[in-house]
Amino acid sequence: MARKSKLHLRELYSEENKDQIYDNVFAEIESFELPLGTSLRSVYDDQPNAHQRFMEKLDACIRNHDREIEKMCNFHHQGFVDAITELLKVRADAEKLKVQVTDTNRRLQDAGKEVIAQTEEIIRCRIQQRNITTVVEKLQLCLPVLEMYSKLKEQMNVKRYYSALKTMEQLENMYLPRVSQYRFCQIMIENLPKLREEIKEISMSDLKDFLESIRKHSDKIGETAMKQAQQQKTFNTALQKQNNVNYGRNMYAINGRVPEPKYEITSKRTLEEEDEHEEEVLTAHDLVDFSPVYRCLHIYSVLGDGETFENYYRKQRRKQARLVLQPQSSMHETVEGYRRYFSQIVGFFVVEDHILHVTQGLVTRAYTDELWNMALSKIIAVLRTHSSYCTDPDLVLELKNLIVVFADTLQGYGFPVNRLFDLLFEIRDQYNETLLKKWAGLFRDIFEADNYSPIPVANEEEYKIVISKFPFQDPELDKQSFPKKLPMSQSVPQIYIQVKEFIYASLKFSESLHRSSTEIDDMLRKSTNLLLTRTLSSCLQNLIKKPHIGLTELVQIIINTTHLEQACKYLEDFITNITNISQETVHTARLYGLSTFKGKVAQTACMSACQHLSTSLMQMLLDSELKQISMGAVQQFNLDVIQCELFASSEPVPGFHGDTLQLAFIDLRQLLDLFMVWDWSTYLADYGQPTSKYLRVNPSTALTLLEKVHRGMKDTSKKNNIFAQFRKNDRDKQKLIETVVKQLRSLVNGMSQHT
């Protein structure tokens with residue numbers, strides 16, 4: 001029972017538990033709580049008929065709900081019926097209302113169509129207005145960009161490239177970033193680098209044209225600069241002279257005398273003419289447009305490529321410098337060749353100096369100094385070479401003046417020119433050499449035209465004319481009455497005048513060399529000494545060697561030389577008056593004069609006289625008009641020659657060494673010794689030997705004289721025919737002569753065949 005009770009209780013408990021589960025499931029179903037899977041699985045457990053029981057419980061639950069619904073419907077049925085009745089009553093009114101609403105709606109729709117159309121138009125206008133406002137706003141952003149781009153194009157067209165680059169910078173930095181979203185902006189951005197390259201190419205092309213232009217105009221620029229420098233120097237010189245004149249007038253005024261201011265008027269006129277002329281002179285800036293180089297420099301600087309431009313410019317200018325410094329091969333022939341050469345160089349450096357001062361960094365002082373030092377070395381080498389070809393002193397003087405103007409011009413632009421003035425001292429020596437050559441020709445012409453006779457003067461006027469040309473003083477001659485003769489010949493005053501002209505010519509080169517008066521005085525004295533001791537002496541030495549100069553002419557030459565030597569002190573005074581350097585100055589050189597030469601001309605005259613005497617005596621023996629000669633005559637002739645030799649050995653003129661003067665008679669002495677000793681065997685045996693006793697006796701000379709002696713002996717024999725049988729020695733001597741004559745003829749014929 002207990003077990004059954006427990007089972008029954010378990011069943012009861014189980015049923016109660018199941019009912020609780022079913023209630024929970026129904027509650028979930030009614031509340032529509034999902035998902036229901038878990039609740040439904042609890043219904044189907046392991047108990048039999050669980051599904052059946054669940055369905056039964058579900059039907060019971062449904063029935064309960066149906067009863068509740070029926071109760072509710074019964075409770076509200078009357079109200080529902082009343083509502084339906086009321087609704088049926090309202091139905092007719094509703095139909096009327098519907099018709100009215102439909103009519104009203106139709107009329108409203110008809111009336112609203114115009115409003116809708118106008119509204120749509122308003123909406124469309126509003127949209128357009130909004131779009132226009134947006135477009136205007138965008139255009140307000142784009143228009144400045146387009147205007148700047150249009151401005152850029154305009155600047156490109158009118159070649160304002162520097163401004164165009166600035167416009168590009170503004171476009172890139174300010175305007176384009178605002179409208180970078182538009183396609184046209186991208187196109188502009190892509191075009192800007194191309195425009196920059198185009199500007200660079202155009203600027204470089206303009207620079208090349210500029211470089212070509214200044215290359216062509218360098219000579220004109222240089223000519224203008226040199227002309228200005230020369231005019232400025234002339235102006236300063238005239239001003240200085242004017243000041244000196246004014247100072248002199250004041251000094252005269254102190255002494256109570258005021259000279260007429262002729263030079264002052266001339267100076268003022270000169271200054272006014274210089275001022276007027278200066279106004280007409282163009283500057284380098286007037287001749288060449290420098291804007292391309294400025295523009296190109298600015299453009300490359302803006303583009304950040306200034307260093308490339310500087311390197312290119314300097315490289316091209318160095319090339320042009322080398323071309324300018326290369327002279328023409330014929331430059332030394334005319335002064336115009338030198339002038340063109342200097343003008344081109346000056347023009348080149350004037351341009352560089354202008355670029356240096358108007359640009360920043362394109363040309364530096366270090367660069368121009370380096371370029372000038374290179375050019376200066378080349379210029380000096382060129383001038384050394386070409387000036388050495390100059391033989392005309394006038395051309396050398398003009399070259400010197402050009403170099404001075406050239407140096408002064410460049411010195412005015414700040415270039416050091418000391419080496420050019422050092423070069424002028426070298427050229428000065430060459431100038432003196434050309435002067436010496438020119439004056440040598442003048443001296444030769446004077447000597448050729450001289451008659452080597454004392455100068456005749458018929459009256460006082462002629463005498464004054466001569467002494468005005470030459471400083472001659474002779475109290476004894478002054479006491480003589482006219483007509484009279486001056487001791488020197490006509491060449492002396494002419495030579496003296498030419499020496500003074502030489503001093504003037506030498507002085508011309510010393511002008512403008514920035515040297516002191518002492519240095520100029522020293523140069524003049526040295527060059528004059530060279531003229532006297534070398535050129536004039538050489539001309540005199542050549543003169544006395546000429547065949548037409550006889551003993552009389554030699555004596556006159558010695559007299560002329562004496563007077564020229566005495567005139568040297570007047571030449572020293574002449575130089576002193578020019579340089580204002582006193583002769584008592586320690587470093588003042590003296591004129592050597594012609595004293596050394598006058599010792600030489602006396603020796604030459606004595607030697608020439610002896611040679612002339614020896615030659616005349618030899619010609620007397622060999623004269624074709626003299627058919628025969630006796631041995632007695634030969635012996636007497638020998639005595640005369642001995643007297644001449646005694647004179648030569650007595651040293652009539654100092655300076656001869658040993659038997660130098662006696663050598664003038666050596667040919668004659670050996671010939672006479674051969675005949676006096678009658679040493680034909682020795683002569684014939686030793687002929688042609690360098691140690692021969694009769695080395696200077698020519699076979700033809702000996703043959704000619706021997707034949708004359710032979711004819712003389714034959715003539716003597718004919719006159720003394722009575723005693724012929726008693727003169728066996730004479731017959732033997734004649735046979736010997738005939739034998740010697742044959743041998744001499746053989747030697748002469750052999751010499752002819754050999755020749």
# chains A, B, ... in the order shown; residues from 1 in each chain; ligands from 1
>>> residues_around(residues="Ala381 in chain A", least_positions_apart="5", cutoff="12 Å", atoms="only C-alpha atoms", output="number ranges by chain")
A: 325-327, 374-376, 386-388, 419-420, 423, 426
>>> write_last_selection(atoms="C-alpha atoms", output="mmCIF file, in the first residue's frame")
data_model
loop_
_atom_site.group_PDB
_atom_site.id
_atom_site.type_symbol
_atom_site.label_atom_id
_atom_site.label_comp_id
_atom_site.auth_asym_id
_atom_site.auth_seq_id
_atom_site.Cartn_x
_atom_site.Cartn_y
_atom_site.Cartn_z
ATOM 1 C CA LEU A 325 94.085 89.510 -77.648
ATOM 2 C CA GLN A 326 95.052 87.744 -80.866
ATOM 3 C CA PRO A 327 96.508 90.431 -83.165
ATOM 4 C CA MET A 374 96.202 87.118 -68.249
ATOM 5 C CA ALA A 375 95.472 89.733 -70.896
ATOM 6 C CA LEU A 376 98.352 91.959 -69.766
ATOM 7 C CA HIS A 386 105.333 93.290 -83.193
ATOM 8 C CA SER A 387 107.227 96.366 -82.053
ATOM 9 C CA SER A 388 110.467 94.588 -82.885
ATOM 10 C CA ARG A 419 103.946 96.623 -66.434
ATOM 11 C CA LEU A 420 102.894 98.567 -69.525
ATOM 12 C CA LEU A 423 107.362 97.783 -71.405
ATOM 13 C CA GLU A 426 111.966 98.463 -73.509
#
>>> residues_around(residues="Leu524 in chain A", least_positions_apart="5", cutoff="9 Å", atoms="only C-alpha atoms", output="number ranges by chain")
A: 503-504, 506-507, 510, 519, 529, 575
>>> write_last_selection(atoms="N, CA, C and O atoms", output="CSV table (one decimal), in the first residue's frame")
chain,number,residue,atom,x,y,z
A,503,ILE,N,117.7,115.0,-80.4
A,503,ILE,CA,117.3,115.2,-79.0
A,503,ILE,C,115.8,115.5,-78.8
A,503,ILE,O,115.2,114.9,-77.9
A,504,TYR,N,115.3,116.3,-79.7
A,504,TYR,CA,113.9,116.6,-79.7
A,504,TYR,C,113.1,115.3,-79.9
A,504,TYR,O,112.1,115.0,-79.2
A,506,SER,N,114.0,112.2,-79.4
A,506,SER,CA,114.2,111.3,-78.2
A,506,SER,C,113.3,111.8,-77.1
A,506,SER,O,112.7,111.0,-76.3
A,507,LEU,N,113.2,113.2,-77.0
A,507,LEU,CA,112.4,113.7,-75.9
A,507,LEU,C,110.9,113.4,-76.0
A,507,LEU,O,110.2,113.2,-75.1
A,510,SER,N,109.9,110.4,-74.3
A,510,SER,CA,109.9,110.5,-72.8
A,510,SER,C,108.7,111.1,-72.2
A,510,SER,O,108.5,111.1,-71.0
A,519,GLU,N,115.3,111.6,-64.6
A,519,GLU,CA,115.3,110.4,-65.4
A,519,GLU,C,115.2,110.7,-66.9
A,519,GLU,O,115.9,110.1,-67.7
A,529,ASN,N,124.6,110.4,-76.4
A,529,ASN,CA,125.9,109.8,-76.4
A,529,ASN,C,126.0,108.6,-77.4
A,529,ASN,O,127.0,108.5,-78.1
A,575,ILE,N,120.3,120.4,-73.6
A,575,ILE,CA,119.6,119.3,-72.8
A,575,ILE,C,119.2,119.9,-71.5
A,575,ILE,O,118.1,119.7,-71.0
>>> closest_residue(among="A:Gln734, A:Gln360, A:Ser453, A:Gln228", to="Ser489 in chain A", atoms="only C-alpha atoms")
A:Ser453
>>> atom_distance(atom1="CA of Ile455 in chain A", atom2="CA of Leu540 in chain A")
19.2 Å
>>> closest_residue(among="A:Val492, A:Ile132, A:Val709, A:Val499", to="Thr562 in chain A", atoms="only C-alpha atoms")
A:Val492
>>> residues_around(residues="His332 in chain A", least_positions_apart="4", cutoff="9 Å", atoms="only C-alpha atoms", output="JSON, numbers by chain")
{"A": [328, 337, 338, 383, 386, 387, 388, 389, 390, 395]}
>>> closest_residue(among="A:Leu239, A:Cys142, A:Leu165, A:Val324", to="Arg215 in chain A", atoms="only C-alpha atoms")
A:Val324
>>> closest_residue(among="A:Ser180, A:Gln430, A:Asn173, A:Asn49", to="Arg384 in chain A", atoms="only C-alpha atoms")
A:Gln430
>>> residues_around(residues="Glu448 in chain A", least_positions_apart="4", cutoff="12 Å", atoms="only C-alpha atoms", output="ChimeraX atom specification")
/A:441-444,452,490-491,539-540,542-544,546,548-549
>>> closest_residue(among="A:Asn577, A:Gln541, A:Gln566, A:Gln129", to="Gly599 in chain A", atoms="only C-alpha atoms")
A:Gln541
>>> residues_around(residues="Ser343 in chain A", least_positions_apart="6", cutoff="12 Å", atoms="only C-alpha atoms", output="MDAnalysis selection string")
chainID A and resid 215:227 324:325 327 336:337 349:350 402:403 405:407 409:410
>>> residues_around(residues="Gly688 in chain A", least_positions_apart="6", cutoff="12 Å", atoms="only C-alpha atoms", output="PyMOL selection string")
chain A and resi 682+694-699+747+751
>>> write_last_selection(atoms="all heavy atoms", output="PDB file, in the first residue's frame")
ATOM      1  N   THR A 682     165.190  81.779-105.449  1.00  0.00           N
ATOM      2  CA  THR A 682     164.431  81.603-104.193  1.00  0.00           C
ATOM      3  C   THR A 682     162.937  81.853-104.419  1.00  0.00           C
ATOM      4  O   THR A 682     162.085  81.123-103.895  1.00  0.00           O
ATOM      5  CB  THR A 682     164.960  82.571-103.124  1.00  0.00           C
ATOM      6  OG1 THR A 682     166.355  82.327-102.927  1.00  0.00           O
ATOM      7  CG2 THR A 682     164.214  82.390-101.809  1.00  0.00           C
ATOM      8  N   TYR A 694     159.017  86.026-100.443  1.00  0.00           N
ATOM      9  CA  TYR A 694     158.359  86.965-101.352  1.00  0.00           C
ATOM     10  C   TYR A 694     156.885  86.561-101.542  1.00  0.00           C
ATOM     11  O   TYR A 694     156.382  86.483-102.655  1.00  0.00           O
ATOM     12  CB  TYR A 694     159.089  86.992-102.702  1.00  0.00           C
ATOM     13  CG  TYR A 694     160.568  87.272-102.562  1.00  0.00           C
ATOM     14  CD1 TYR A 694     161.508  86.248-102.642  1.00  0.00           C
ATOM     15  CD2 TYR A 694     161.012  88.557-102.326  1.00  0.00           C
ATOM     16  CE1 TYR A 694     162.861  86.508-102.497  1.00  0.00           C
ATOM     17  CE2 TYR A 694     162.379  88.827-102.185  1.00  0.00           C
ATOM     18  CZ  TYR A 694     163.285  87.791-102.269  1.00  0.00           C
ATOM     19  OH  TYR A 694     164.625  88.049-102.120  1.00  0.00           O
ATOM     20  N   LEU A 695     156.216  86.311-100.420  1.00  0.00           N
ATOM     21  CA  LEU A 695     154.841  85.795-100.452  1.00  0.00           C
ATOM     22  C   LEU A 695     153.873  86.779-101.097  1.00  0.00           C
ATOM     23  O   LEU A 695     152.921  86.373-101.767  1.00  0.00           O
ATOM     24  CB  LEU A 695     154.383  85.475 -99.012  1.00  0.00           C
ATOM     25  CG  LEU A 695     152.975  84.888 -98.847  1.00  0.00           C
ATOM     26  CD1 LEU A 695     152.895  83.524 -99.523  1.00  0.00           C
ATOM     27  CD2 LEU A 695     152.613  84.759 -97.364  1.00  0.00           C
ATOM     28  N   ARG A 696     154.087  88.086-100.954  1.00  0.00           N
ATOM     29  CA  ARG A 696     153.142  89.094-101.427  1.00  0.00           C
ATOM     30  C   ARG A 696     153.465  89.592-102.831  1.00  0.00           C
ATOM     31  O   ARG A 696     152.826  90.551-103.298  1.00  0.00           O
ATOM     32  CB  ARG A 696     153.113  90.276-100.456  1.00  0.00           C
ATOM     33  CG  ARG A 696     152.735  89.869 -99.025  1.00  0.00           C
ATOM     34  CD  ARG A 696     152.694  91.072 -98.118  1.00  0.00           C
ATOM     35  NE  ARG A 696     151.563  91.925 -98.427  1.00  0.00           N
ATOM     36  CZ  ARG A 696     150.343  91.792 -97.905  1.00  0.00           C
ATOM     37  NH1 ARG A 696     150.102  90.800 -97.053  1.00  0.00           N
ATOM     38  NH2 ARG A 696     149.373  92.621 -98.240  1.00  0.00           N
ATOM     39  N   VAL A 697     154.450  88.950-103.505  1.00  0.00           N
ATOM     40  CA  VAL A 697     154.803  89.333-104.880  1.00  0.00           C
ATOM     41  C   VAL A 697     154.013  88.457-105.841  1.00  0.00           C
ATOM     42  O   VAL A 697     154.167  87.226-105.851  1.00  0.00           O
ATOM     43  CB  VAL A 697     156.316  89.183-105.136  1.00  0.00           C
ATOM     44  CG1 VAL A 697     156.645  89.543-106.594  1.00  0.00           C
ATOM     45  CG2 VAL A 697     157.100  90.062-104.178  1.00  0.00           C
ATOM     46  N   ASN A 698     153.148  89.112-106.624  1.00  0.00           N
ATOM     47  CA  ASN A 698     152.333  88.388-107.580  1.00  0.00           C
ATOM     48  C   ASN A 698     153.165  88.076-108.828  1.00  0.00           C
ATOM     49  O   ASN A 698     153.916  88.927-109.312  1.00  0.00           O
ATOM     50  CB  ASN A 698     151.125  89.255-107.954  1.00  0.00           C
ATOM     51  CG  ASN A 698     150.102  88.481-108.747  1.00  0.00           C
ATOM     52  OD1 ASN A 698     150.310  88.240-109.929  1.00  0.00           O
ATOM     53  ND2 ASN A 698     148.997  88.133-108.095  1.00  0.00           N
ATOM     54  N   PRO A 699     153.071  86.869-109.407  1.00  0.00           N
ATOM     55  CA  PRO A 699     153.856  86.530-110.611  1.00  0.00           C
ATOM     56  C   PRO A 699     153.608  87.489-111.759  1.00  0.00           C
ATOM     57  O   PRO A 699     154.539  87.845-112.492  1.00  0.00           O
ATOM     58  CB  PRO A 699     153.383  85.119-110.953  1.00  0.00           C
ATOM     59  CG  PRO A 699     152.904  84.555-109.664  1.00  0.00           C
ATOM     60  CD  PRO A 699     152.327  85.717-108.903  1.00  0.00           C
ATOM     61  N   LEU A 747     153.859  80.415-114.698  1.00  0.00           N
ATOM     62  CA  LEU A 747     153.085  80.552-113.457  1.00  0.00           C
ATOM     63  C   LEU A 747     151.801  81.351-113.689  1.00  0.00           C
ATOM     64  O   LEU A 747     150.727  81.013-113.169  1.00  0.00           O
ATOM     65  CB  LEU A 747     153.940  81.240-112.387  1.00  0.00           C
ATOM     66  CG  LEU A 747     155.106  80.432-111.821  1.00  0.00           C
ATOM     67  CD1 LEU A 747     155.906  81.290-110.840  1.00  0.00           C
ATOM     68  CD2 LEU A 747     154.595  79.181-111.116  1.00  0.00           C
ATOM     69  N   MET A 751     148.004  80.092-113.297  1.00  0.00           N
ATOM     70  CA  MET A 751     147.010  80.767-112.465  1.00  0.00           C
ATOM     71  C   MET A 751     145.737  81.046-113.248  1.00  0.00           C
ATOM     72  O   MET A 751     144.623  80.893-112.729  1.00  0.00           O
ATOM     73  CB  MET A 751     147.585  82.086-111.928  1.00  0.00           C
ATOM     74  CG  MET A 751     148.709  81.895-110.899  1.00  0.00           C
ATOM     75  SD  MET A 751     149.471  83.467-110.417  1.00  0.00           S
ATOM     76  CE  MET A 751     148.049  84.289-109.720  1.00  0.00           C
TER      77      MET A 751
END
>>> select_by_dssp(residues="range 470-561 of chain A", states="helix (DSSP H, G or I)", output="PyMOL selection string")
chain A and resi 475-479+491-510+517-544+551-561
>>> atom_distance(atom1="CA of Lys315 in chain A", atom2="CA of Pro292 in chain A")
17.2 Å
>>> closest_residue(among="A:Gly112, A:Ile495, A:Phe472, A:Thr660", to="Asp445 in chain A", atoms="only C-alpha atoms")
A:Ile495
>>> decode(residues="range 158-188 of chain A", atoms="N, CA and C atoms", output="compact mmCIF listing (two decimals), in the first residue's frame")
# COMPACT_ATOMS: atom_id res chain seq x y z
N VAL A 158 55.28 90.41 -75.18
CA VAL A 158 56.04 91.66 -75.26
C VAL A 158 57.46 91.49 -74.71
N LYS A 159 57.86 90.23 -74.44
CA LYS A 159 59.22 89.89 -74.03
C LYS A 159 59.61 90.48 -72.68
N ARG A 160 58.61 90.59 -71.79
CA ARG A 160 58.90 91.00 -70.42
C ARG A 160 59.05 89.73 -69.57
N TYR A 161 60.18 89.05 -69.79
CA TYR A 161 60.32 87.72 -69.24
C TYR A 161 60.53 87.73 -67.73
N TYR A 162 61.24 88.71 -67.24
CA TYR A 162 61.44 88.77 -65.79
C TYR A 162 60.11 88.97 -65.09
N SER A 163 59.25 89.88 -65.59
CA SER A 163 57.91 90.07 -65.03
C SER A 163 57.08 88.81 -65.18
N ALA A 164 57.26 88.11 -66.30
CA ALA A 164 56.53 86.86 -66.51
C ALA A 164 56.88 85.83 -65.45
N LEU A 165 58.16 85.77 -65.08
CA LEU A 165 58.56 84.82 -64.04
C LEU A 165 57.95 85.20 -62.70
N LYS A 166 57.88 86.48 -62.40
CA LYS A 166 57.24 86.91 -61.16
C LYS A 166 55.76 86.53 -61.18
N THR A 167 55.12 86.71 -62.35
CA THR A 167 53.72 86.32 -62.48
C THR A 167 53.55 84.82 -62.27
N MET A 168 54.47 84.04 -62.78
CA MET A 168 54.41 82.58 -62.57
C MET A 168 54.50 82.24 -61.08
N GLU A 169 55.39 82.93 -60.38
CA GLU A 169 55.50 82.68 -58.95
C GLU A 169 54.19 82.98 -58.24
N GLN A 170 53.55 84.09 -58.59
CA GLN A 170 52.27 84.42 -57.97
C GLN A 170 51.21 83.38 -58.32
N LEU A 171 51.19 82.93 -59.57
CA LEU A 171 50.23 81.90 -59.96
C LEU A 171 50.42 80.64 -59.13
N GLU A 172 51.65 80.21 -59.02
CA GLU A 172 51.92 78.95 -58.32
C GLU A 172 51.67 79.05 -56.82
N ASN A 173 52.03 80.16 -56.25
CA ASN A 173 51.97 80.26 -54.79
C ASN A 173 50.64 80.78 -54.26
N MET A 174 49.94 81.61 -55.05
CA MET A 174 48.74 82.26 -54.53
C MET A 174 47.45 81.84 -55.25
N TYR A 175 47.46 81.77 -56.54
CA TYR A 175 46.22 81.62 -57.30
C TYR A 175 45.88 80.18 -57.63
N LEU A 176 46.82 79.45 -58.18
CA LEU A 176 46.50 78.08 -58.61
C LEU A 176 46.09 77.16 -57.46
N PRO A 177 46.69 77.28 -56.26
CA PRO A 177 46.22 76.39 -55.18
C PRO A 177 44.73 76.56 -54.86
N ARG A 178 44.14 77.71 -55.13
CA ARG A 178 42.72 77.93 -54.82
C ARG A 178 41.81 77.17 -55.78
N VAL A 179 42.27 76.90 -56.99
CA VAL A 179 41.42 76.26 -58.00
C VAL A 179 42.10 75.02 -58.56
N SER A 180 42.86 74.36 -57.72
CA SER A 180 43.63 73.21 -58.19
C SER A 180 42.75 72.05 -58.62
N GLN A 181 41.43 72.07 -58.23
CA GLN A 181 40.55 70.95 -58.57
C GLN A 181 40.05 71.00 -60.01
N TYR A 182 40.30 72.11 -60.70
CA TYR A 182 39.78 72.24 -62.06
C TYR A 182 40.82 71.76 -63.07
N ARG A 183 40.29 71.29 -64.17
CA ARG A 183 41.15 70.70 -65.20
C ARG A 183 42.04 71.77 -65.86
N PHE A 184 41.46 72.94 -66.11
CA PHE A 184 42.26 73.98 -66.75
C PHE A 184 43.45 74.37 -65.87
N CYS A 185 43.27 74.26 -64.55
CA CYS A 185 44.35 74.57 -63.63
C CYS A 185 45.49 73.57 -63.79
N GLN A 186 45.15 72.33 -63.97
CA GLN A 186 46.18 71.32 -64.18
C GLN A 186 46.95 71.56 -65.47
N ILE A 187 46.20 72.02 -66.47
CA ILE A 187 46.86 72.34 -67.75
C ILE A 187 47.84 73.49 -67.56
N MET A 188 47.41 74.51 -66.80
CA MET A 188 48.31 75.63 -66.53
C MET A 188 49.55 75.17 -65.77
